[in-house]
>>> print(open('my_file.cif').read())   # mmCIF, C-alpha atoms and all ligand atoms; chains and numbers go by the auth columns
data_target
#
loop_
_atom_site.group_PDB
_atom_site.id
_atom_site.type_symbol
_atom_site.label_atom_id
_atom_site.label_comp_id
_atom_site.label_asym_id
_atom_site.label_seq_id
_atom_site.Cartn_x
_atom_site.Cartn_y
_atom_site.Cartn_z
_atom_site.B_iso_or_equiv
_atom_site.auth_seq_id
_atom_site.auth_asym_id
ATOM 1 C CA MET A 1 73.416 -102.006 159.968 0.00 1 A
ATOM 2 C CA LEU A 2 73.339 -102.191 156.187 0.00 2 A
ATOM 3 C CA ASP A 3 71.082 -99.592 154.585 0.00 3 A
ATOM 4 C CA VAL A 4 70.255 -98.173 151.172 0.00 4 A
ATOM 5 C CA ALA A 5 69.287 -94.591 150.315 0.00 5 A
ATOM 6 C CA LEU A 6 67.361 -94.888 147.059 0.00 6 A
ATOM 7 C CA THR A 7 68.062 -91.203 146.356 0.00 7 A
ATOM 8 C CA PRO A 8 70.523 -88.705 147.878 0.00 8 A
ATOM 9 C CA ALA A 9 67.614 -87.264 149.896 0.00 9 A
ATOM 10 C CA GLY A 10 67.888 -90.389 152.065 0.00 10 A
ATOM 11 C CA LEU A 11 71.536 -89.759 152.928 0.00 11 A
ATOM 12 C CA ARG A 12 72.170 -89.912 156.662 0.00 12 A
ATOM 13 C CA ARG A 13 75.110 -90.075 159.046 0.00 13 A
ATOM 14 C CA CYS A 14 76.878 -93.432 158.825 0.00 14 A
ATOM 15 C CA ASP A 15 80.359 -94.942 159.156 0.00 15 A
ATOM 16 C CA VAL A 16 80.804 -95.868 155.508 0.00 16 A
ATOM 17 C CA ALA A 17 78.891 -94.491 152.505 0.00 17 A
ATOM 18 C CA VAL A 18 79.113 -96.390 149.218 0.00 18 A
ATOM 19 C CA VAL A 19 77.948 -94.035 146.474 0.00 19 A
ATOM 20 C CA VAL A 20 76.536 -95.508 143.285 0.00 20 A
ATOM 21 C CA ASP A 21 75.791 -93.848 139.942 0.00 21 A
ATOM 22 C CA VAL A 22 75.988 -96.778 137.571 0.00 22 A
ATOM 23 C CA LEU A 23 74.935 -94.682 134.539 0.00 23 A
ATOM 24 C CA ARG A 24 77.438 -93.143 134.447 0.00 24 A
ATOM 25 C CA ALA A 25 79.439 -91.134 137.003 0.00 25 A
ATOM 26 C CA THR A 26 80.826 -93.842 139.307 0.00 26 A
ATOM 27 C CA SER A 27 81.553 -96.059 136.283 0.00 27 A
ATOM 28 C CA THR A 28 83.452 -93.203 134.627 0.00 28 A
ATOM 29 C CA ILE A 29 85.430 -92.471 137.819 0.00 29 A
ATOM 30 C CA THR A 30 86.326 -96.131 138.325 0.00 30 A
ATOM 31 C CA GLN A 31 87.426 -96.457 134.707 0.00 31 A
ATOM 32 C CA ALA A 32 89.397 -93.188 134.844 0.00 32 A
ATOM 33 C CA LEU A 33 91.422 -94.375 137.857 0.00 33 A
ATOM 34 C CA ALA A 34 92.010 -97.733 136.164 0.00 34 A
ATOM 35 C CA SER A 35 93.215 -95.927 133.036 0.00 35 A
ATOM 36 C CA GLY A 36 95.924 -93.958 134.825 0.00 36 A
ATOM 37 C CA TYR A 37 94.423 -90.746 136.215 0.00 37 A
ATOM 38 C CA ARG A 38 95.966 -90.427 139.673 0.00 38 A
ATOM 39 C CA SER A 39 92.912 -88.658 141.057 0.00 39 A
ATOM 40 C CA VAL A 40 89.405 -87.621 140.102 0.00 40 A
ATOM 41 C CA GLN A 41 88.014 -84.445 141.597 0.00 41 A
ATOM 42 C CA CYS A 42 84.232 -84.617 141.729 0.00 42 A
ATOM 43 C CA ALA A 43 82.606 -81.189 141.576 0.00 43 A
ATOM 44 C CA ASP A 44 79.076 -80.350 142.682 0.00 44 A
ATOM 45 C CA SER A 45 78.474 -78.048 139.690 0.00 45 A
ATOM 46 C CA ILE A 46 79.756 -77.209 136.249 0.00 46 A
ATOM 47 C CA ASP A 47 81.010 -73.824 137.474 0.00 47 A
ATOM 48 C CA ARG A 48 82.853 -75.448 140.370 0.00 48 A
ATOM 49 C CA ALA A 49 84.580 -77.773 137.909 0.00 49 A
ATOM 50 C CA ARG A 50 85.717 -74.764 135.876 0.00 50 A
ATOM 51 C CA GLU A 51 87.230 -73.258 139.042 0.00 51 A
ATOM 52 C CA LEU A 52 89.140 -76.493 139.661 0.00 52 A
ATOM 53 C CA ARG A 53 90.685 -76.544 136.201 0.00 53 A
ATOM 54 C CA GLY A 54 94.503 -76.306 136.356 0.00 54 A
ATOM 55 C CA ALA A 55 97.792 -77.763 135.213 0.00 55 A
ATOM 56 C CA ASP A 56 97.885 -81.397 134.068 0.00 56 A
ATOM 57 C CA CYS A 57 94.128 -81.625 134.345 0.00 57 A
ATOM 58 C CA ALA A 58 91.301 -82.728 132.056 0.00 58 A
ATOM 59 C CA LEU A 59 87.792 -81.410 132.558 0.00 59 A
ATOM 60 C CA ALA A 60 84.963 -83.916 132.057 0.00 60 A
ATOM 61 C CA GLY A 61 81.235 -83.821 132.585 0.00 61 A
ATOM 62 C CA GLU A 62 77.743 -83.468 131.261 0.00 62 A
ATOM 63 C CA GLN A 63 74.614 -81.367 131.393 0.00 63 A
ATOM 64 C CA ARG A 64 71.590 -83.323 130.180 0.00 64 A
ATOM 65 C CA CYS A 65 74.027 -85.974 128.949 0.00 65 A
ATOM 66 C CA VAL A 66 75.898 -83.473 126.755 0.00 66 A
ATOM 67 C CA LYS A 67 79.464 -82.249 127.291 0.00 67 A
ATOM 68 C CA PRO A 68 79.623 -78.528 128.151 0.00 68 A
ATOM 69 C CA GLN A 69 81.249 -76.714 125.254 0.00 69 A
ATOM 70 C CA ASP A 70 84.434 -75.699 127.049 0.00 70 A
ATOM 71 C CA PHE A 71 84.991 -79.122 128.668 0.00 71 A
ATOM 72 C CA ASP A 72 87.570 -81.596 127.347 0.00 72 A
ATOM 73 C CA LEU A 73 85.593 -84.798 127.804 0.00 73 A
ATOM 74 C CA ASP A 74 82.077 -86.140 128.241 0.00 74 A
ATOM 75 C CA ASN A 75 81.010 -88.099 131.356 0.00 75 A
ATOM 76 C CA SER A 76 81.729 -91.255 129.412 0.00 76 A
ATOM 77 C CA PRO A 77 83.436 -94.367 130.785 0.00 77 A
ATOM 78 C CA VAL A 78 84.430 -95.236 127.226 0.00 78 A
ATOM 79 C CA GLU A 79 86.232 -91.886 126.858 0.00 79 A
ATOM 80 C CA ALA A 80 87.811 -92.497 130.274 0.00 80 A
ATOM 81 C CA THR A 81 89.651 -95.540 128.921 0.00 81 A
ATOM 82 C CA ARG A 82 92.275 -93.061 127.664 0.00 82 A
ATOM 83 C CA CYS A 83 94.232 -90.999 130.181 0.00 83 A
ATOM 84 C CA TYR A 84 94.967 -87.417 129.119 0.00 84 A
ATOM 85 C CA ALA A 85 96.292 -85.890 132.368 0.00 85 A
ATOM 86 C CA ASP A 86 97.257 -86.532 135.970 0.00 86 A
ATOM 87 C CA ARG A 87 93.948 -85.301 137.360 0.00 87 A
ATOM 88 C CA LEU A 88 90.419 -85.557 136.033 0.00 88 A
ATOM 89 C CA VAL A 89 87.852 -82.999 137.202 0.00 89 A
ATOM 90 C CA LEU A 90 84.314 -84.331 136.808 0.00 90 A
ATOM 91 C CA ALA A 91 80.999 -82.481 137.077 0.00 91 A
ATOM 92 C CA THR A 92 77.761 -84.401 136.501 0.00 92 A
ATOM 93 C CA THR A 93 74.098 -83.822 137.219 0.00 93 A
ATOM 94 C CA ASN A 94 73.458 -86.434 139.912 0.00 94 A
ATOM 95 C CA GLY A 95 76.480 -88.607 140.677 0.00 95 A
ATOM 96 C CA ALA A 96 79.171 -86.031 141.412 0.00 96 A
ATOM 97 C CA PRO A 97 76.930 -83.937 143.716 0.00 97 A
ATOM 98 C CA ALA A 98 75.845 -87.121 145.547 0.00 98 A
ATOM 99 C CA ILE A 99 79.494 -87.982 146.200 0.00 99 A
ATOM 100 C CA VAL A 100 80.180 -84.491 147.550 0.00 100 A
ATOM 101 C CA ALA A 101 77.033 -84.660 149.716 0.00 101 A
ATOM 102 C CA ALA A 102 78.031 -88.060 151.151 0.00 102 A
ATOM 103 C CA THR A 103 81.357 -86.661 152.371 0.00 103 A
ATOM 104 C CA ARG A 104 79.449 -84.305 154.672 0.00 104 A
ATOM 105 C CA LEU A 105 77.847 -87.225 156.524 0.00 105 A
ATOM 106 C CA ALA A 106 80.259 -90.171 156.348 0.00 106 A
ATOM 107 C CA PRO A 107 83.944 -90.268 157.319 0.00 107 A
ATOM 108 C CA THR A 108 84.597 -92.959 154.707 0.00 108 A
ATOM 109 C CA VAL A 109 83.146 -92.707 151.201 0.00 109 A
ATOM 110 C CA LEU A 110 83.704 -95.405 148.563 0.00 110 A
ATOM 111 C CA LEU A 111 82.338 -95.473 145.022 0.00 111 A
ATOM 112 C CA ALA A 112 80.835 -98.555 143.408 0.00 112 A
ATOM 113 C CA SER A 113 79.787 -99.512 139.911 0.00 113 A
ATOM 114 C CA VAL A 114 79.118 -102.787 138.152 0.00 114 A
ATOM 115 C CA LEU A 115 82.670 -102.538 136.796 0.00 115 A
ATOM 116 C CA ASN A 116 84.224 -102.876 140.277 0.00 116 A
ATOM 117 C CA LEU A 117 81.475 -104.789 142.106 0.00 117 A
ATOM 118 C CA ARG A 118 83.720 -107.638 143.265 0.00 118 A
ATOM 119 C CA ALA A 119 86.520 -105.293 144.346 0.00 119 A
ATOM 120 C CA VAL A 120 84.182 -103.136 146.452 0.00 120 A
ATOM 121 C CA LEU A 121 82.652 -106.225 148.058 0.00 121 A
ATOM 122 C CA GLY A 122 86.156 -107.476 148.824 0.00 122 A
ATOM 123 C CA VAL A 123 87.070 -104.277 150.618 0.00 123 A
ATOM 124 C CA LEU A 124 83.824 -104.158 152.581 0.00 124 A
ATOM 125 C CA ARG A 125 84.081 -107.801 153.595 0.00 125 A
ATOM 126 C CA ASP A 126 87.822 -107.861 154.344 0.00 126 A
ATOM 127 C CA ARG A 127 87.443 -105.229 157.005 0.00 127 A
ATOM 128 C CA ASP A 128 85.031 -105.000 159.839 0.00 128 A
ATOM 129 C CA TRP A 129 83.051 -102.474 157.811 0.00 129 A
ATOM 130 C CA PRO A 130 79.913 -104.617 157.463 0.00 130 A
ATOM 131 C CA GLU A 131 79.732 -104.590 161.266 0.00 131 A
ATOM 132 C CA ARG A 132 79.614 -100.826 161.140 0.00 132 A
ATOM 133 C CA ASP A 133 76.846 -98.628 159.856 0.00 133 A
ATOM 134 C CA VAL A 134 77.088 -98.819 156.050 0.00 134 A
ATOM 135 C CA GLN A 135 74.783 -96.934 153.711 0.00 135 A
ATOM 136 C CA VAL A 136 74.722 -97.535 149.961 0.00 136 A
ATOM 137 C CA VAL A 137 73.750 -94.179 148.468 0.00 137 A
ATOM 138 C CA CYS A 138 72.026 -94.285 145.080 0.00 138 A
ATOM 139 C CA SER A 139 72.493 -91.083 143.063 0.00 139 A
ATOM 140 C CA GLY A 140 69.231 -91.549 141.187 0.00 140 A
ATOM 141 C CA THR A 141 68.078 -89.162 138.479 0.00 141 A
ATOM 142 C CA GLY A 142 66.691 -85.733 139.233 0.00 142 A
ATOM 143 C CA GLY A 143 65.775 -86.710 142.789 0.00 143 A
ATOM 144 C CA ALA A 144 63.961 -89.914 141.743 0.00 144 A
ATOM 145 C CA PRO A 145 65.283 -93.482 142.200 0.00 145 A
ATOM 146 C CA ALA A 146 67.137 -94.992 139.243 0.00 146 A
ATOM 147 C CA LEU A 147 66.625 -98.693 138.607 0.00 147 A
ATOM 148 C CA GLU A 148 70.277 -99.383 137.770 0.00 148 A
ATOM 149 C CA ASP A 149 71.489 -97.783 141.012 0.00 149 A
ATOM 150 C CA ALA A 150 68.996 -99.693 143.155 0.00 150 A
ATOM 151 C CA TYR A 151 69.979 -102.869 141.280 0.00 151 A
ATOM 152 C CA LEU A 152 73.652 -102.425 142.175 0.00 152 A
ATOM 153 C CA ALA A 153 72.766 -101.536 145.767 0.00 153 A
ATOM 154 C CA GLY A 154 70.854 -104.813 145.938 0.00 154 A
ATOM 155 C CA ARG A 155 73.756 -106.779 144.477 0.00 155 A
ATOM 156 C CA LEU A 156 76.078 -105.291 147.116 0.00 156 A
ATOM 157 C CA CYS A 157 73.690 -105.900 150.018 0.00 157 A
ATOM 158 C CA ALA A 158 72.980 -109.476 148.925 0.00 158 A
ATOM 159 C CA ARG A 159 76.663 -110.339 149.398 0.00 159 A
ATOM 160 C CA LEU A 160 77.219 -108.569 152.716 0.00 160 A
ATOM 161 C CA PRO A 161 76.518 -110.078 156.139 0.00 161 A
ATOM 162 C CA GLY A 162 74.657 -108.558 159.061 0.00 162 A
ATOM 163 C CA PRO A 163 71.378 -106.858 159.852 0.00 163 A
ATOM 164 C CA ARG A 164 69.802 -104.708 157.152 0.00 164 A
ATOM 165 C CA SER A 165 67.074 -102.138 156.654 0.00 165 A
ATOM 166 C CA ASP A 166 63.886 -102.683 154.656 0.00 166 A
ATOM 167 C CA ALA A 167 65.362 -100.422 151.950 0.00 167 A
ATOM 168 C CA ALA A 168 68.294 -102.842 151.657 0.00 168 A
ATOM 169 C CA ARG A 169 65.850 -105.767 151.395 0.00 169 A
ATOM 170 C CA LEU A 170 63.884 -103.923 148.703 0.00 170 A
ATOM 171 C CA ALA A 171 67.060 -103.349 146.697 0.00 171 A
ATOM 172 C CA GLN A 172 68.009 -107.015 147.070 0.00 172 A
ATOM 173 C CA ALA A 173 64.588 -108.093 145.791 0.00 173 A
ATOM 174 C CA LEU A 174 64.971 -105.792 142.785 0.00 174 A
ATOM 175 C CA ALA A 175 68.427 -107.182 142.036 0.00 175 A
ATOM 176 C CA ALA A 176 67.178 -110.767 142.308 0.00 176 A
ATOM 177 C CA ALA A 177 64.441 -109.985 139.774 0.00 177 A
ATOM 178 C CA HIS A 178 66.983 -109.256 137.026 0.00 178 A
ATOM 179 C CA PRO A 179 68.981 -112.065 135.404 0.00 179 A
ATOM 180 C CA SER A 180 72.058 -109.934 134.710 0.00 180 A
ATOM 181 C CA ALA A 181 73.549 -106.482 135.114 0.00 181 A
ATOM 182 C CA GLY A 182 73.035 -105.977 131.391 0.00 182 A
ATOM 183 C CA ALA A 183 69.308 -106.661 131.704 0.00 183 A
ATOM 184 C CA ALA A 184 68.945 -104.329 134.689 0.00 184 A
ATOM 185 C CA LEU A 185 70.924 -101.473 133.184 0.00 185 A
ATOM 186 C CA ALA A 186 69.072 -101.667 129.883 0.00 186 A
ATOM 187 C CA CYS A 187 65.557 -101.257 131.263 0.00 187 A
ATOM 188 C CA GLY A 188 65.761 -98.101 133.390 0.00 188 A
ATOM 189 C CA ALA A 189 64.593 -94.646 132.343 0.00 189 A
ATOM 190 C CA HIS A 190 68.115 -93.234 132.224 0.00 190 A
ATOM 191 C CA ALA A 191 69.180 -95.966 129.804 0.00 191 A
ATOM 192 C CA ALA A 192 66.394 -94.785 127.488 0.00 192 A
ATOM 193 C CA THR A 193 67.689 -91.217 127.800 0.00 193 A
ATOM 194 C CA LEU A 194 71.220 -92.332 126.971 0.00 194 A
ATOM 195 C CA ARG A 195 70.002 -94.358 123.994 0.00 195 A
ATOM 196 C CA ALA A 196 68.053 -91.357 122.705 0.00 196 A
ATOM 197 C CA ALA A 197 71.272 -89.332 122.967 0.00 197 A
ATOM 198 C CA GLY A 198 73.162 -91.945 120.931 0.00 198 A
ATOM 199 C CA LEU A 199 75.116 -93.142 123.984 0.00 199 A
ATOM 200 C CA GLU A 200 74.028 -96.794 124.041 0.00 200 A
ATOM 201 C CA ASP A 201 77.663 -97.996 123.958 0.00 201 A
ATOM 202 C CA ASP A 202 78.124 -96.528 127.419 0.00 202 A
ATOM 203 C CA ILE A 203 75.286 -98.675 128.778 0.00 203 A
ATOM 204 C CA ALA A 204 76.871 -101.910 127.556 0.00 204 A
ATOM 205 C CA PHE A 205 80.263 -100.715 128.804 0.00 205 A
ATOM 206 C CA CYS A 206 78.912 -99.985 132.309 0.00 206 A
ATOM 207 C CA ALA A 207 77.204 -103.419 132.483 0.00 207 A
ATOM 208 C CA ARG A 208 80.490 -105.367 132.359 0.00 208 A
ATOM 209 C CA GLU A 209 80.677 -107.005 135.745 0.00 209 A
ATOM 210 C CA SER A 210 83.754 -106.963 138.006 0.00 210 A
ATOM 211 C CA VAL A 211 86.259 -106.189 135.264 0.00 211 A
ATOM 212 C CA LEU A 212 88.215 -103.603 137.313 0.00 212 A
ATOM 213 C CA ASP A 213 90.017 -103.944 140.668 0.00 213 A
ATOM 214 C CA VAL A 214 89.905 -100.216 141.404 0.00 214 A
ATOM 215 C CA VAL A 215 88.035 -99.090 144.534 0.00 215 A
ATOM 216 C CA PRO A 216 87.585 -95.301 144.448 0.00 216 A
ATOM 217 C CA LEU A 217 87.933 -93.727 147.906 0.00 217 A
ATOM 218 C CA VAL A 218 87.392 -90.079 148.836 0.00 218 A
ATOM 219 C CA VAL A 219 90.634 -88.845 150.394 0.00 219 A
ATOM 220 C CA ALA A 220 90.042 -85.097 150.610 0.00 220 A
ATOM 221 C CA THR A 221 87.296 -82.526 150.339 0.00 221 A
ATOM 222 C CA THR A 222 87.166 -78.810 149.614 0.00 222 A
ATOM 223 C CA ALA A 223 84.092 -76.605 149.270 0.00 223 A
ATOM 224 C CA GLY A 224 81.826 -78.365 146.786 0.00 224 A
ATOM 225 C CA ALA A 225 84.376 -80.938 145.687 0.00 225 A
ATOM 226 C CA ALA A 226 85.711 -84.346 146.686 0.00 226 A
ATOM 227 C CA THR A 227 89.018 -85.878 145.605 0.00 227 A
ATOM 228 C CA VAL A 228 88.922 -89.572 144.835 0.00 228 A
ATOM 229 C CA VAL A 229 91.845 -91.975 144.383 0.00 229 A
ATOM 230 C CA ASP A 230 92.137 -95.734 144.102 0.00 230 A
ATOM 231 C CA LEU A 231 92.128 -97.132 147.638 0.00 231 A
ATOM 232 C CA ARG A 232 95.264 -99.140 146.858 0.00 232 A
ATOM 233 C CA ALA A 233 97.132 -95.957 145.952 0.00 233 A
ATOM 234 C CA ALA A 234 95.888 -94.297 149.137 0.00 234 A
ATOM 235 C CA ALA A 235 97.007 -97.126 151.355 0.00 235 A
ATOM 236 C CA GLY A 236 99.910 -98.819 149.716 0.00 236 A
ATOM 237 C CA THR A 237 97.964 -102.052 149.899 0.00 237 A
ATOM 238 C CA VAL A 238 94.278 -102.841 150.085 0.00 238 A
ATOM 239 C CA GLY A 239 93.282 -103.281 153.686 0.00 239 A
ATOM 240 C CA ASP A 240 95.403 -100.558 155.239 0.00 240 A
ATOM 241 C CA VAL A 241 93.205 -97.491 155.158 0.00 241 A
ATOM 242 C CA PRO A 242 91.164 -96.960 158.315 0.00 242 A
ATOM 243 C CA PRO A 243 88.221 -94.574 157.953 0.00 243 A
ATOM 244 C CA SER A 244 90.168 -92.043 160.020 0.00 244 A
ATOM 245 C CA ALA A 245 92.752 -91.800 157.221 0.00 245 A
ATOM 246 C CA VAL A 246 90.314 -89.800 155.153 0.00 246 A
ATOM 247 C CA ALA A 247 91.494 -86.196 155.150 0.00 247 A
ATOM 248 C CA ARG A 248 89.139 -83.270 155.452 0.00 248 A
ATOM 249 C CA THR A 249 89.973 -79.705 154.542 0.00 249 A
HETATM 250 C C1 LIG B . 74.766 -88.037 136.446 0.00 1 B
HETATM 251 O O1 LIG B . 75.612 -87.839 137.331 0.00 1 B
HETATM 252 O O2 LIG B . 73.657 -87.496 136.439 0.00 1 B
HETATM 253 C C2 LIG B . 75.056 -88.993 135.324 0.00 1 B
HETATM 254 O O3 LIG B . 76.184 -89.703 135.481 0.00 1 B
HETATM 255 C C3 LIG B . 74.394 -88.693 134.055 0.00 1 B
HETATM 256 C C4 LIG B . 75.065 -89.229 132.813 0.00 1 B
HETATM 257 O O4 LIG B . 76.020 -88.622 132.347 0.00 1 B
HETATM 258 O O5 LIG B . 74.647 -90.249 132.280 0.00 1 B
#
>>> encode(input="my_file.cif", output="structure tokens")
Amino acid sequence: MLDVALTPAGLRRCDVAVVVDVLRATSTITQALASGYRSVQCADSIDRARELRGADCALAGEQRCVKPQDFDLDNSPVEATRCYADRLVLATTNGAPAIVAATRLAPTVLLASVLNLRAVLGVLRDRDWPERDVQVVCSGTGGAPALEDAYLAGRLCARLPGPRSDAARLAQALAAAHPSAGAALACGAHAATLRAAGLEDDIAFCARESVLDVVPLVVATTAGAATVVDLRAAAGTVGDVPPSAVART
């Protein structure tokens, strides 16, 4: 069964969760791994991220779209094009907590963005994962659905085989109503917030479709945090990581 949770409140037990926060957390994580960070530790709060700070680590994140004063980097995919350390610790309002929450209910958690749409579809299709119970989890904004997340969920579902829930059909209809990722990302409420904060470059950056081969996979969890690496680095080659390979601590 293919399903979509339009907000993290709809998270449920499933075999594979694909977490989406197009603007901007899953785009930033995907870009960070492509840029050379070996891992990204997603933290469920700003304080948790501070606890995770350590050697060879950069601290990134936002509160109301603004970098906390003592952090090194914003939650910006553009900033993530440069690699400053081995490990990136990321705390964001909606995306990072949604990733941590998904690890409590799914043994396999992948992250998707427009940047790695084709790569994520490739992984889902190449395995028998579409035959399993797959839920695309939209991070939303402040507990409400976000148009850009539902759009990407719809794009994913439209290209995957098998039975699907009404929520998946709704997301597909939304995706079909937009001519391009750029158009969809530009018209949501969070895009307006980012524009008002002077962050419009991030919107255009996040709308670039299938430009990265990275597929972020959660490989470990600790209290309130989830460690993400590129699936290829976790497996040696794409196609080798069974869901059971995901470590839990
Ligand atoms: C979030 O997780 O809420 C976001 O990625 C917000 C943002 O930084 O645009």
>>> residues_near_ligand(input="my_file.cif", ligand="ligand LIG 1 (chain B)", cutoff="9 Å", atoms="only C-alpha atoms and all ligand atoms", output="PyMOL selection string")
chain A and resi 21-28+61-67+74-76+91-98+139-142+190-191+193-194+199+202
>>> write_last_selection(input="my_file.cif", atoms="C-alpha atoms", output="mmCIF file, in the coordinates of the input")
data_model
loop_
_atom_site.group_PDB
_atom_site.id
_atom_site.type_symbol
_atom_site.label_atom_id
_atom_site.label_comp_id
_atom_site.auth_asym_id
_atom_site.auth_seq_id
_atom_site.Cartn_x
_atom_site.Cartn_y
_atom_site.Cartn_z
ATOM 1 C CA ASP A 21 75.791 -93.848 139.942
ATOM 2 C CA VAL A 22 75.988 -96.778 137.571
ATOM 3 C CA LEU A 23 74.935 -94.682 134.539
ATOM 4 C CA ARG A 24 77.438 -93.143 134.447
ATOM 5 C CA ALA A 25 79.439 -91.134 137.003
ATOM 6 C CA THR A 26 80.826 -93.842 139.307
ATOM 7 C CA SER A 27 81.553 -96.059 136.283
ATOM 8 C CA THR A 28 83.452 -93.203 134.627
ATOM 9 C CA GLY A 61 81.235 -83.821 132.585
ATOM 10 C CA GLU A 62 77.743 -83.468 131.261
ATOM 11 C CA GLN A 63 74.614 -81.367 131.393
ATOM 12 C CA ARG A 64 71.590 -83.323 130.180
ATOM 13 C CA CYS A 65 74.027 -85.974 128.949
ATOM 14 C CA VAL A 66 75.898 -83.473 126.755
ATOM 15 C CA LYS A 67 79.464 -82.249 127.291
ATOM 16 C CA ASP A 74 82.077 -86.140 128.241
ATOM 17 C CA ASN A 75 81.010 -88.099 131.356
ATOM 18 C CA SER A 76 81.729 -91.255 129.412
ATOM 19 C CA ALA A 91 80.999 -82.481 137.077
ATOM 20 C CA THR A 92 77.761 -84.401 136.501
ATOM 21 C CA THR A 93 74.098 -83.822 137.219
ATOM 22 C CA ASN A 94 73.458 -86.434 139.912
ATOM 23 C CA GLY A 95 76.480 -88.607 140.677
ATOM 24 C CA ALA A 96 79.171 -86.031 141.412
ATOM 25 C CA PRO A 97 76.930 -83.937 143.716
ATOM 26 C CA ALA A 98 75.845 -87.121 145.547
ATOM 27 C CA SER A 139 72.493 -91.083 143.063
ATOM 28 C CA GLY A 140 69.231 -91.549 141.187
ATOM 29 C CA THR A 141 68.078 -89.162 138.479
ATOM 30 C CA GLY A 142 66.691 -85.733 139.233
ATOM 31 C CA HIS A 190 68.115 -93.234 132.224
ATOM 32 C CA ALA A 191 69.180 -95.966 129.804
ATOM 33 C CA THR A 193 67.689 -91.217 127.800
ATOM 34 C CA LEU A 194 71.220 -92.332 126.971
ATOM 35 C CA LEU A 199 75.116 -93.142 123.984
ATOM 36 C CA ASP A 202 78.124 -96.528 127.419
#
>>> closest_residue(input="my_file.cif", among="A:Ala150, A:Ile203, A:Val100, A:Ala167", to="Gln41 in chain A", atoms="all atoms listed in the file")
A:Val100
>>> closest_residue(input="my_file.cif", among="A:Ala106, A:Ala32, A:Ala171, A:Leu90", to="Arg48 in chain A", atoms="all atoms listed in the file")
A:Leu90
>>> resolve_selection(input="my_file.cif", expression="the PyMOL selection byres (((chain A and resi 184) around 10) and not hetatm)", output="short mmCIF file (atom, residue, chain, number, x, y, z; two decimals) with C-alpha atoms, in the frame of the given file")
data_model
loop_
_atom_site.label_atom_id
_atom_site.label_comp_id
_atom_site.auth_asym_id
_atom_site.auth_seq_id
_atom_site.Cartn_x
_atom_site.Cartn_y
_atom_site.Cartn_z
CA LEU A 147 66.62 -98.69 138.61
CA GLU A 148 70.28 -99.38 137.77
CA ASP A 149 71.49 -97.78 141.01
CA ALA A 150 69.00 -99.69 143.16
CA TYR A 151 69.98 -102.87 141.28
CA LEU A 152 73.65 -102.42 142.18
CA LEU A 174 64.97 -105.79 142.78
CA ALA A 175 68.43 -107.18 142.04
CA ALA A 177 64.44 -109.98 139.77
CA HIS A 178 66.98 -109.26 137.03
CA PRO A 179 68.98 -112.06 135.40
CA SER A 180 72.06 -109.93 134.71
CA ALA A 181 73.55 -106.48 135.11
CA GLY A 182 73.04 -105.98 131.39
CA ALA A 183 69.31 -106.66 131.70
CA LEU A 185 70.92 -101.47 133.18
CA ALA A 186 69.07 -101.67 129.88
CA CYS A 187 65.56 -101.26 131.26
CA GLY A 188 65.76 -98.10 133.39
CA ALA A 191 69.18 -95.97 129.80
CA ALA A 207 77.20 -103.42 132.48
#
>>> closest_residue(input="my_file.cif", among="A:Arg87, A:Asp56, A:Ile46, A:Arg38", to="Gln69 in chain A", atoms="all atoms listed in the file")
A:Ile46
>>> atom_distance(input="my_file.cif", atom1="CA of Asp70 in chain A", atom2="CA of Ile29 in chain A")
20.0 Å
>>> closest_residue(input="my_file.cif", among="A:Asp86, A:Asp44, A:Asp201, A:Glu79", to="Ala58 in chain A", atoms="all atoms listed in the file")
A:Asp86
>>> resolve_selection(input="my_file.cif", expression="the PyMOL selection byres (((chain A and resi 224) around 6) and not hetatm)", output="list in words")
Ala43, Asp44, Ala223 and Ala225 of chain A
>>> resolve_selection(input="my_file.cif", expression="the PyMOL selection byres (((chain A and resi 9) around 10) and not hetatm)", output="ChimeraX atom specification")
/A:5-8,10-12,98,101,137-140,143-144
